[in-house]
$ cat protein_25.txt   # compact mmCIF, C-alpha atoms
# COMPACT_ATOMS: atom_id res chain seq x y z
CA MET A 210 23.65 146.06 159.35
CA LYS A 211 27.23 146.40 158.21
CA ILE A 212 29.40 149.08 159.65
CA ILE A 213 32.29 150.03 157.41
CA SER A 214 34.80 151.78 159.54
CA LYS A 215 37.87 153.60 158.29
CA LYS A 216 40.15 151.02 160.01
CA ALA A 217 38.42 148.10 158.29
CA MET A 218 38.80 149.77 154.93
CA MET A 219 42.51 150.25 155.55
CA ASP A 220 42.82 146.58 156.53
CA ASP A 221 41.17 145.51 153.30
CA LEU A 222 43.35 147.82 151.29
CA PHE A 223 46.53 146.40 152.84
CA ASP A 224 45.20 142.88 152.30
CA VAL A 225 44.75 143.62 148.63
CA LEU A 226 48.18 145.22 148.34
CA PHE A 227 49.78 142.32 150.17
CA THR A 228 48.03 139.77 147.96
CA VAL A 229 49.23 141.58 144.85
CA MET A 230 52.80 141.65 146.15
CA VAL A 231 52.75 137.96 147.05
CA ALA A 232 51.28 137.06 143.65
CA PHE A 233 53.89 139.19 141.94
CA PHE A 234 56.77 137.52 143.76
CA ALA A 235 55.20 134.11 143.27
CA LEU A 236 55.06 134.68 139.54
CA LEU A 237 58.66 135.88 139.53
CA PHE A 238 59.66 132.78 141.47
CA ILE A 239 57.76 130.43 139.14
CA ASN A 240 59.35 132.07 136.14
CA ALA A 241 62.86 131.89 137.58
CA ALA A 242 62.61 128.46 139.14
CA LEU A 243 60.72 126.59 136.48
CA VAL A 244 60.75 128.33 133.11
CA LYS A 245 64.35 129.52 133.31
CA SER A 246 65.42 126.22 134.77
CA ILE A 247 63.88 124.37 131.85
CA ASP A 248 65.65 126.68 129.40
CA ASP A 249 68.96 126.08 131.18
CA ARG A 250 68.41 122.35 131.16
CA ASN A 251 67.54 122.43 127.49
CA GLU A 252 70.70 124.35 126.76
CA ARG A 253 72.83 121.98 128.81
CA SER A 254 71.15 119.01 127.19
CA LEU A 255 71.93 120.36 123.74
CA GLY A 256 75.55 120.89 124.76
CA GLU A 257 75.87 117.38 126.16
CA MET A 258 74.06 115.89 123.18
CA THR A 259 76.39 117.66 120.76
CA ALA A 260 79.43 116.36 122.61
CA VAL A 261 78.08 112.82 122.76
CA LEU A 262 77.08 112.83 119.09
CA GLN A 263 80.56 114.08 118.21
CA ASN A 264 81.96 111.05 120.01
CA GLY A 265 79.71 108.88 117.86
CA HIS A 266 81.01 110.61 114.77
CA LYS A 267 84.60 110.07 115.88
CA ILE A 268 83.92 106.36 116.36
CA ILE A 269 82.54 106.14 112.82
CA VAL A 270 85.66 107.89 111.49
CA GLU A 271 87.83 105.35 113.31
CA GLN A 272 85.74 102.47 111.97
CA GLU A 273 86.18 103.81 108.46
CA ALA A 274 89.93 104.18 108.97
CA LEU A 275 90.14 100.59 110.15
CA GLU A 276 88.09 99.37 107.20
CA GLN A 277 90.36 101.22 104.78
CA GLY A 278 93.45 99.64 106.34
CA GLY A 279 94.46 102.70 108.38
CA ASP A 280 95.90 102.53 111.86
CA ALA A 281 92.94 104.00 113.80
CA SER A 282 95.50 106.09 115.68
CA ALA A 283 92.93 108.50 117.13
CA LEU A 284 91.22 105.72 119.02
CA LEU A 285 92.86 106.66 122.32
CA GLY A 286 91.59 110.22 122.00
CA VAL A 287 88.05 109.03 121.34
CA ARG A 288 88.21 106.73 124.34
CA ALA A 289 89.33 109.63 126.55
CA GLU A 290 86.45 111.80 125.30
CA ILE A 291 83.92 109.09 126.03
CA GLU A 292 85.37 108.54 129.50
CA LYS A 293 85.24 112.28 130.12
CA HIS A 294 81.55 112.39 129.35
CA SER A 295 80.94 109.26 131.33
CA THR A 296 81.84 111.22 134.44
CA THR A 297 79.42 114.05 133.69
CA LEU A 298 76.50 112.15 132.29
CA PRO A 299 75.67 109.36 134.73
CA LEU A 300 72.59 109.74 136.84
CA LYS A 301 73.18 111.90 139.86
CA ALA A 302 72.15 109.16 142.22
CA ALA A 303 74.76 106.92 140.70
CA ARG A 304 77.37 109.64 140.74
CA LYS A 305 76.75 110.09 144.45
CA GLU A 306 78.14 106.60 144.99
CA GLY A 307 81.19 107.28 142.84
CA GLU A 308 81.85 106.66 139.22
CA VAL A 309 79.64 104.23 137.39
CA THR A 310 81.60 101.11 136.68
CA LEU A 311 80.54 98.52 134.18
CA LEU A 312 80.42 94.81 134.60
CA VAL A 313 81.19 92.75 131.56
CA GLU A 314 79.17 89.63 131.18
CA GLY A 315 79.17 87.30 128.26
CA GLN A 316 78.11 83.87 127.25
CA GLN A 317 81.18 81.75 127.12
CA LYS A 318 81.12 79.06 124.51
CA MET B 93 40.97 141.23 159.81
CA ASN B 94 40.58 139.79 163.29
CA LYS B 95 43.47 138.77 165.48
CA LYS B 96 43.14 135.04 164.74
CA GLY B 97 43.11 135.62 160.96
CA ALA B 98 46.16 137.85 161.15
CA VAL B 99 48.15 135.21 163.05
CA VAL B 100 47.22 132.43 160.60
CA LEU B 101 48.15 134.61 157.64
CA HIS B 102 51.52 135.42 159.15
CA TRP B 103 52.34 131.77 159.77
CA ILE B 104 51.38 130.97 156.19
CA LEU B 105 53.72 133.72 155.03
CA PHE B 106 56.57 132.32 157.08
CA GLY B 107 55.81 128.89 155.71
CA ILE B 108 55.87 130.10 152.13
CA ILE B 109 59.12 131.98 152.64
CA ALA B 110 60.69 128.98 154.34
CA ALA B 111 59.53 126.69 151.52
CA ILE B 112 61.03 128.97 148.88
CA GLY B 113 64.29 129.12 150.81
CA LEU B 114 64.45 125.35 151.18
CA PHE B 115 63.65 124.82 147.53
CA LEU B 116 66.36 127.22 146.37
CA TYR B 117 68.90 125.66 148.75
CA TYR B 118 68.26 122.06 147.74
CA SER B 119 67.85 122.77 144.07
CA ASN B 120 71.37 124.22 144.00
CA THR B 121 73.12 121.75 146.23
CA SER B 122 71.36 118.47 145.97
CA ASP B 123 70.25 115.84 143.50
CA LEU B 124 66.83 117.16 142.69
CA PRO B 125 66.11 115.93 139.16
CA VAL B 126 64.95 119.39 138.15
CA GLN B 127 68.60 120.49 137.73
CA ALA B 128 69.81 117.55 135.65
CA PRO B 129 70.07 118.10 131.89
CA LEU B 130 67.09 116.77 130.03
CA GLY B 131 67.71 113.35 128.54
CA SER B 132 70.78 112.68 130.66
CA TRP B 133 69.76 109.06 131.23
CA GLN B 134 69.38 108.48 127.52
CA LEU B 135 72.63 110.30 126.70
CA GLU B 136 74.46 108.30 129.34
CA MET B 137 73.07 105.09 127.89
CA ILE B 138 74.41 106.08 124.47
CA ASN B 139 77.76 107.33 125.74
CA SER B 140 78.60 104.81 128.43
CA PHE B 141 77.05 101.72 126.97
CA LEU B 142 76.50 101.97 123.20
CA TYR B 143 79.73 103.84 122.48
CA LYS B 144 81.75 101.73 124.91
CA SER B 145 80.48 98.62 123.18
CA GLU B 146 81.45 100.14 119.81
CA LEU B 147 84.93 100.90 121.17
CA ASP B 148 85.13 97.36 122.48
CA LEU B 149 84.23 96.05 119.02
CA LEU B 150 86.75 98.42 117.43
CA ASP B 151 89.43 97.02 119.73
CA LEU B 152 88.36 93.52 118.75
CA ASP B 153 88.51 94.40 115.04
CA LEU B 154 91.94 95.99 115.46
CA SER B 155 93.20 93.00 117.37
CA ALA B 156 91.80 90.58 114.78
CA ARG B 157 93.34 92.57 111.92
CA GLU B 158 96.74 92.77 113.63
CA THR B 159 96.67 89.04 114.29
CA GLY B 160 95.50 88.34 110.73
CA TRP B 161 98.36 90.38 109.31
CA LYS B 162 100.85 88.69 111.61
CA VAL B 163 99.61 85.26 110.53
CA VAL B 164 99.74 86.23 106.83
CA SER B 165 103.36 87.40 107.23
CA GLU B 166 104.41 84.34 109.24
CA LEU B 167 102.75 81.90 106.85
CA ALA B 168 104.29 83.63 103.84
CA GLY B 169 107.70 83.39 105.50
CA ARG B 170 107.17 79.66 105.96
CA GLY B 171 105.94 79.13 102.41
CA GLY B 172 102.35 78.83 103.63
CA PHE B 173 103.04 75.96 106.04
CA LEU B 174 102.47 75.85 109.77
CA GLU B 175 105.67 73.94 110.35
CA GLN B 176 107.59 71.74 107.95
CA SER B 177 106.46 70.88 104.45
CA SER B 178 105.88 67.19 103.74
CA CYS B 179 108.44 67.64 100.95
CA GLY B 180 110.98 68.70 103.59
CA MET B 181 113.11 71.81 103.88
CA GLU B 182 116.10 73.22 102.06
CA LYS B 183 118.35 75.47 104.13
CA GLY B 184 115.50 76.27 106.48
CA VAL B 185 113.04 76.97 103.67
CA ASN B 186 109.99 74.82 103.04
CA ARG B 187 110.03 72.95 99.73
CA TRP B 188 107.00 73.03 97.48
CA ASN B 189 108.02 70.02 95.39
CA ILE B 190 110.20 66.96 95.13
CA VAL B 191 110.82 66.34 91.44
CA ASP B 192 107.27 66.04 90.12
CA LYS B 193 105.57 65.59 93.49
CA TRP B 194 104.00 68.78 94.72
CA CYS B 195 103.41 69.61 98.40
CA LEU B 196 101.47 72.85 98.22
CA PRO B 197 100.31 74.37 101.49
CA ASP B 198 96.69 74.53 102.61
CA GLU B 199 97.17 78.15 103.54
CA LYS B 200 93.58 78.89 104.54
CA GLU B 201 93.41 75.99 106.98
CA ASN B 202 96.81 76.97 108.32
CA LEU B 203 95.59 80.54 108.80
CA LYS B 204 92.59 79.26 110.75
CA THR B 205 94.84 77.22 113.01
CA LEU B 206 97.57 79.78 113.55
CA PHE B 207 95.15 82.68 113.95
CA PHE B 208 93.64 81.51 117.23
CA GLN B 209 97.06 80.50 118.54
CA LEU B 210 98.20 84.11 118.21
CA PHE B 211 94.92 85.92 118.80
CA PRO B 212 94.97 87.72 122.19
CA ASN B 213 91.93 86.58 124.10
CA PRO B 214 92.29 87.71 127.72
CA GLU B 215 88.68 86.86 128.57
CA GLY B 216 89.18 83.29 127.40
CA ARG B 217 86.13 83.68 125.21
CA GLY B 218 85.18 80.94 122.80
CA PHE B 219 85.11 82.02 119.16
CA SER B 220 83.51 80.26 116.23
CA PRO B 221 85.89 78.81 113.62
CA LEU B 222 87.47 81.52 111.51
CA ALA B 223 85.68 82.14 108.24
CA ILE B 224 87.51 83.57 105.23
CA ALA B 225 85.67 85.34 102.43
CA GLY B 226 87.89 87.04 99.88
CA GLN B 227 90.01 89.51 101.79
CA ARG B 228 87.85 89.38 104.90
CA ILE B 229 88.14 87.20 107.98
CA MET B 230 85.33 86.81 110.50
CA SER B 231 84.39 84.98 113.66
CA SER B 232 81.77 85.26 116.37
CA GLY B 233 82.50 85.36 120.09
CA GLY B 234 78.87 85.17 121.20
CA MET B 235 76.96 87.85 123.05
CA LYS B 236 78.48 90.25 125.54
CA THR B 237 76.73 92.43 128.11
CA LEU B 238 77.74 95.71 129.71
CA LYS B 239 75.98 96.18 133.01
CA SER B 240 76.00 99.05 135.52
CA THR B 241 76.97 98.37 139.10
CA ASP B 242 74.83 101.04 140.74
CA HIS B 243 71.23 100.53 141.79
CA TYR B 244 69.84 101.86 138.54
CA LEU B 245 69.86 98.76 136.38
CA ARG B 246 71.18 99.49 132.94
CA GLN B 247 72.60 96.90 130.63
CA TYR B 248 73.44 96.61 126.96
CA THR B 249 74.00 93.34 125.14
CA TYR B 250 75.79 93.13 121.83
CA ASP B 251 77.23 90.62 119.40
CA TYR B 252 80.94 90.27 120.15
CA SER B 253 82.07 89.37 116.64
CA PHE B 254 84.59 90.65 114.18
CA ASN B 255 84.59 90.94 110.42
CA VAL B 256 87.70 92.70 109.16
CA ASN B 257 89.30 93.41 105.84
CA LEU B 258 92.94 92.29 105.68
CA HIS B 259 93.40 93.89 102.24
CA TYR B 260 95.17 90.66 101.37
CA SER B 261 93.88 87.72 99.37
CA PHE B 262 95.02 84.14 99.80
CA ASP B 263 94.48 83.75 96.06
CA GLU B 264 98.11 84.87 95.78
CA TYR B 265 99.12 81.34 96.75
CA ALA B 266 97.28 79.93 93.73
CA GLN B 267 99.09 82.40 91.49
CA LEU B 268 102.47 81.53 93.03
CA ALA B 269 101.74 77.81 92.68
CA ALA B 270 100.91 78.26 88.98
CA GLU B 271 104.10 80.27 88.43
CA ALA B 272 106.16 77.70 90.36
CA ARG B 273 104.77 74.80 88.32
CA LYS B 274 105.50 76.65 85.09
CA MET B 275 109.10 77.37 86.14
CA VAL B 276 109.76 73.81 87.31
CA ASP B 277 108.07 72.14 84.34
CA THR B 278 109.92 74.35 81.88
CA CYS B 279 113.41 74.27 83.38
CA ARG B 280 113.93 71.01 85.26
CA GLY B 281 114.78 69.16 82.05
CA GLU B 282 117.96 71.21 81.66
CA GLU B 283 121.01 69.20 82.62
CA ALA B 284 123.48 71.90 83.64
CA LEU B 285 122.80 74.27 86.51
CA GLU B 286 123.79 77.18 84.29
CA ALA B 287 121.19 76.05 81.79
CA VAL B 288 118.55 75.97 84.51
CA ALA B 289 119.50 79.52 85.45
CA GLU B 290 119.33 80.61 81.80
CA CYS B 291 115.96 78.91 81.41
CA LEU B 292 114.62 80.62 84.53
CA LYS B 293 115.65 84.00 83.18
CA LEU B 294 113.01 83.47 80.52
CA VAL B 295 110.17 82.15 82.67
CA LYS B 296 110.83 83.55 86.16
CA PRO B 297 108.47 86.42 86.98
CA GLU B 298 110.10 89.61 88.26
CA HIS B 299 108.72 89.26 91.77
CA TRP B 300 110.62 85.96 92.25
CA HIS B 301 114.11 86.42 93.68
CA TYR B 302 116.80 83.84 94.25
CA THR B 303 117.42 83.07 97.94
CA SER B 304 116.67 86.55 99.31
CA CYS B 305 114.52 89.51 98.31
CA ASP B 306 117.12 91.99 99.55
CA VAL B 307 120.32 90.48 98.12
CA PRO B 308 119.42 87.87 95.50
CA VAL B 309 122.01 85.10 95.19
CA VAL B 310 121.86 82.49 92.44
CA PRO B 311 122.35 79.10 94.14
CA GLN B 312 125.35 77.00 93.19
CA GLU B 313 125.91 73.23 93.27
CA THR B 314 122.33 72.21 93.93
CA ARG B 315 119.11 71.91 91.96
CA ILE B 316 116.90 72.74 94.95
CA TRP B 317 116.67 76.48 94.92
CA PRO B 318 115.25 78.67 97.67
CA PHE B 319 113.25 81.69 96.54
CA CYS B 320 111.99 84.85 98.11
CA VAL B 321 108.85 85.90 96.30
CA LYS B 322 107.40 89.35 96.73
CA SER B 323 103.64 89.66 96.73
CA PRO B 324 102.59 89.69 93.04
CA ASN B 325 99.99 92.33 93.88
CA ASN B 326 102.48 94.31 95.97
CA VAL B 327 100.34 93.84 99.07
CA GLU B 328 101.87 95.70 101.96
CA ILE B 329 101.38 94.82 105.59
CA GLU B 330 102.33 97.60 107.97
CA GLY B 331 104.42 99.24 105.28
CA LYS B 332 106.29 96.11 104.18
CA VAL B 333 105.56 94.10 101.05
CA VAL B 334 104.58 90.51 101.86
CA GLU B 335 107.43 88.12 101.13
CA TYR B 336 107.04 84.37 100.60
CA ASN B 337 109.93 82.01 101.24
CA LEU B 338 109.85 78.65 99.48
CA ALA B 339 112.18 76.24 97.73
CA LEU B 340 111.68 74.57 94.35
CA ASP B 341 113.27 71.39 93.19
CA PHE B 342 114.52 71.54 89.60
CA THR B 343 115.71 67.97 89.56
CA GLY B 344 114.91 66.45 86.16
CA TYR B 345 113.14 63.13 85.59
CA SER B 346 116.37 61.40 84.70
CA ASP B 347 118.38 62.95 87.57
CA PRO B 348 118.86 61.12 90.85
CA VAL B 349 116.65 62.52 93.60

$ encode --input "protein_25.txt" --output "structure tokens"
Amino acid sequence: MKIISKKAMMDDLFDVLFTVMVAFFALLFINAALVKSIDDRNERSLGEMTAVLQNGHKIIVEQEALEQGGDASALLGVRAEIEKHSTTLPLKAARKEGEVTLLVEGQQK
Amino acid sequence: MNKKGAVVLHWILFGIIAAIGLFLYYSNTSDLPVQAPLGSWQLEMINSFLYKSELDLLDLDLSARETGWKVVSELAGRGGFLEQSSCGMEKGVNRWNIVDKWCLPDEKENLKTLFFQLFPNPEGRGFSPLAIAGQRIMSSGGMKTLKSTDHYLRQYTYDYSFNVNLHYSFDEYAQLAAEARKMVDTCRGEEALEAVAECLKLVKPEHWHYTSCDVPVVPQETRIWPFCVKSPNNVEIEGKVVEYNLALDFTGYSDPV
């Protein structure tokens, strides 16, 4: 036979309230930590992608200038832009060890 | 809730709170991939490898074009020869003929030779023989690889070759040779120097200048005349019209050589 005392009912009530509060905060946390984070990352990605694609466009402009006999004078500026993004884009693990440096290898004839 | 259940629940709560705290701390300060922009690896590959290779190729093209222009100017100044013409020189200018013997330069072969003597090649890379097609010059330096030095292996291999437009055609030499032959054939039969000069007035194209392009001087007392010839197509290299220096021999058949 079950005896439902007033104390037990209060315990259950607080359990329910506590569960609701935890669930509420958990949902807030999931929203902030995951959904918002993904939105931020998307936004940052778009920003970085725009900058990188602009560098590509600048290179094409320089290539056209060279083809037309121009002096490709903006080449230094393009190089600086690419270097600037090279310091922000590399993988974090690589950045931890310092700037990513490139080895040049080639088949010598 | 009994005493044991209450204790377990409280420890779980502490655990959850601690986990959230740790997550927030590390996600803001450390290298958790969740904070990196999406596609950063791909963007880095494009920016640091593809674009750097394109810049490298642009540098190569620029260098090849500069060298090509330098060689064109130098060859034109030497009448198309690498060194001395087999017909000899007149006052430091290569002769294109001795009476009716012609010593025309092989300007394309000379370009190929002189180009790689002047071409800056700090890596000591081997290039294929220079090819000339119209106004373009091209050569291949084999494959080149950019490779990262960190523990994430990334590498990009590309064809280290150039193919640049000099906006200059070596066909100008053929035109100059035809004009030179016409002038010599028409005027060398004249006996007096004054008559040669008069004859040349009729057949000499406007872009041919006696001795110098800046201050033309009609030669005296000799039938071997140096010329400065401006590019018939007014081709400019770095703002200056290409100038050819060569000497023509107007000695007639009956004259002593």

$ atom_distance --input "protein_25.txt" --atom1 "atom CA of Ala223 of chain B" --atom2 "atom CA of Trp161 of chain B"
15.2 Å

$ atom_distance --input "protein_25.txt" --atom1 "atom CA of Val185 of chain B" --atom2 "atom CA of Phe208 of chain B"
24.1 Å

$ closest_atom_pairs --input "protein_25.txt" --of "chain B" --to "chain A" --cutoff "6 Å" --atoms "only C-alpha atoms" --output "JSON lines"
{"residue": "B:Pro129", "atom": "CA", "partner": "A:Arg250", "partner_atom": "CA", "distance": 4.6}
{"residue": "B:Leu130", "atom": "CA", "partner": "A:Ser254", "partner_atom": "CA", "distance": 5.4}
{"residue": "B:Ser132", "atom": "CA", "partner": "A:Leu298", "partner_atom": "CA", "distance": 6.0}
{"residue": "B:Glu136", "atom": "CA", "partner": "A:Leu298", "partner_atom": "CA", "distance": 5.3}
{"residue": "B:Ser140", "atom": "CA", "partner": "A:Ser295", "partner_atom": "CA", "distance": 5.8}
{"residue": "B:Arg217", "atom": "CA", "partner": "A:Gln317", "partner_atom": "CA", "distance": 5.6}
{"residue": "B:Gly218", "atom": "CA", "partner": "A:Lys318", "partner_atom": "CA", "distance": 4.8}
{"residue": "B:Met235", "atom": "CA", "partner": "A:Gly315", "partner_atom": "CA", "distance": 5.7}
{"residue": "B:Lys236", "atom": "CA", "partner": "A:Gly315", "partner_atom": "CA", "distance": 4.1}
{"residue": "B:Thr237", "atom": "CA", "partner": "A:Glu314", "partner_atom": "CA", "distance": 4.8}
{"residue": "B:Leu238", "atom": "CA", "partner": "A:Val313", "partner_atom": "CA", "distance": 4.9}
{"residue": "B:Lys239", "atom": "CA", "partner": "A:Leu312", "partner_atom": "CA", "distance": 4.9}
{"residue": "B:Ser240", "atom": "CA", "partner": "A:Leu311", "partner_atom": "CA", "distance": 4.8}
{"residue": "B:Thr241", "atom": "CA", "partner": "A:Thr310", "partner_atom": "CA", "distance": 5.9}
{"residue": "B:Asp242", "atom": "CA", "partner": "A:Ala303", "partner_atom": "CA", "distance": 5.9}

$ write_last_selection --input "protein_25.txt" --atoms "C-alpha atoms" --output "CSV table (one decimal), keeping the file's coordinate frame"
chain,number,residue,atom,x,y,z
B,129,PRO,CA,70.1,118.1,131.9
B,130,LEU,CA,67.1,116.8,130.0
B,132,SER,CA,70.8,112.7,130.7
B,136,GLU,CA,74.5,108.3,129.3
B,140,SER,CA,78.6,104.8,128.4
B,217,ARG,CA,86.1,83.7,125.2
B,218,GLY,CA,85.2,80.9,122.8
B,235,MET,CA,77.0,87.8,123.0
B,236,LYS,CA,78.5,90.2,125.5
B,237,THR,CA,76.7,92.4,128.1
B,238,LEU,CA,77.7,95.7,129.7
B,239,LYS,CA,76.0,96.2,133.0
B,240,SER,CA,76.0,99.0,135.5
B,241,THR,CA,77.0,98.4,139.1
B,242,ASP,CA,74.8,101.0,140.7

$ atom_distance --input "protein_25.txt" --atom1 "atom CA of Ile229 of chain B" --atom2 "atom CA of Tyr252 of chain B"
14.5 Å

$ axis_aligned_box --input "protein_25.txt" --around "segment 127-142 of chain B" --padding-each-side "5 Å" --output "lines of an AutoDock Vina configuration file"
center_x = 72.8
center_y = 111.1
center_z = 130.5
size_x = 21.5
size_y = 28.8
size_z = 24.5

$ residues_around --input "protein_25.txt" --residues "His301 of chain B" --least-positions-apart "6" --cutoff "10 Å" --atoms "all atoms listed in the file" --output "PyMOL selection string"
chain B and resi 307-310+318-322+337

$ write_last_selection --input "protein_25.txt" --atoms "C-alpha atoms" --output "compact mmCIF listing (two decimals), keeping the file's coordinate frame"
# COMPACT_ATOMS: atom_id res chain seq x y z
CA VAL B 307 120.32 90.48 98.12
CA PRO B 308 119.42 87.87 95.50
CA VAL B 309 122.01 85.10 95.19
CA VAL B 310 121.86 82.49 92.44
CA PRO B 318 115.25 78.67 97.67
CA PHE B 319 113.25 81.69 96.54
CA CYS B 320 111.99 84.85 98.11
CA VAL B 321 108.85 85.90 96.30
CA LYS B 322 107.40 89.35 96.73
CA ASN B 337 109.93 82.01 101.24

$ closest_residue --input "protein_25.txt" --among "B:Ser220, B:Ser253, B:Gln312, B:Thr159" --to "Phe207 of chain B" --atoms "all atoms listed in the file"
B:Thr159

$ closest_residue --input "protein_25.txt" --among "B:Leu206, B:Ala225, B:Leu142, B:Cys179" --to "Leu167 of chain B" --atoms "only C-alpha atoms"
B:Leu206

$ closest_residue --input "protein_25.txt" --among "B:Thr343, B:Ala266, B:Met230, B:Tyr260" --to "Ala284 of chain B" --atoms "only C-alpha atoms"
B:Thr343

$ closest_residue --input "protein_25.txt" --among "B:Asp192, B:Glu298, B:Glu199, B:Asp306" --to "Gly281 of chain B" --atoms "only C-alpha atoms"
B:Asp192

$ residues_near_point --input "protein_25.txt" --point "(100.6, 91.3, 96.8)" --cutoff "10 Å" --atoms "all atoms listed in the file" --output "VMD selection string"
chain B and resid 259 to 264 299 321 to 329 333 to 335

$ residues_near_point --input "protein_25.txt" --point "(88.6, 90.4, 105.7)" --cutoff "6 Å" --atoms "all atoms listed in the file" --output "number ranges by chain"
B: 227-229, 256-258

$ write_last_selection --input "protein_25.txt" --atoms "C-alpha atoms" --output "compact mmCIF listing (two decimals), in the frame of the given file"
# COMPACT_ATOMS: atom_id res chain seq x y z
CA GLN B 227 90.01 89.51 101.79
CA ARG B 228 87.85 89.38 104.90
CA ILE B 229 88.14 87.20 107.98
CA VAL B 256 87.70 92.70 109.16
CA ASN B 257 89.30 93.41 105.84
CA LEU B 258 92.94 92.29 105.68
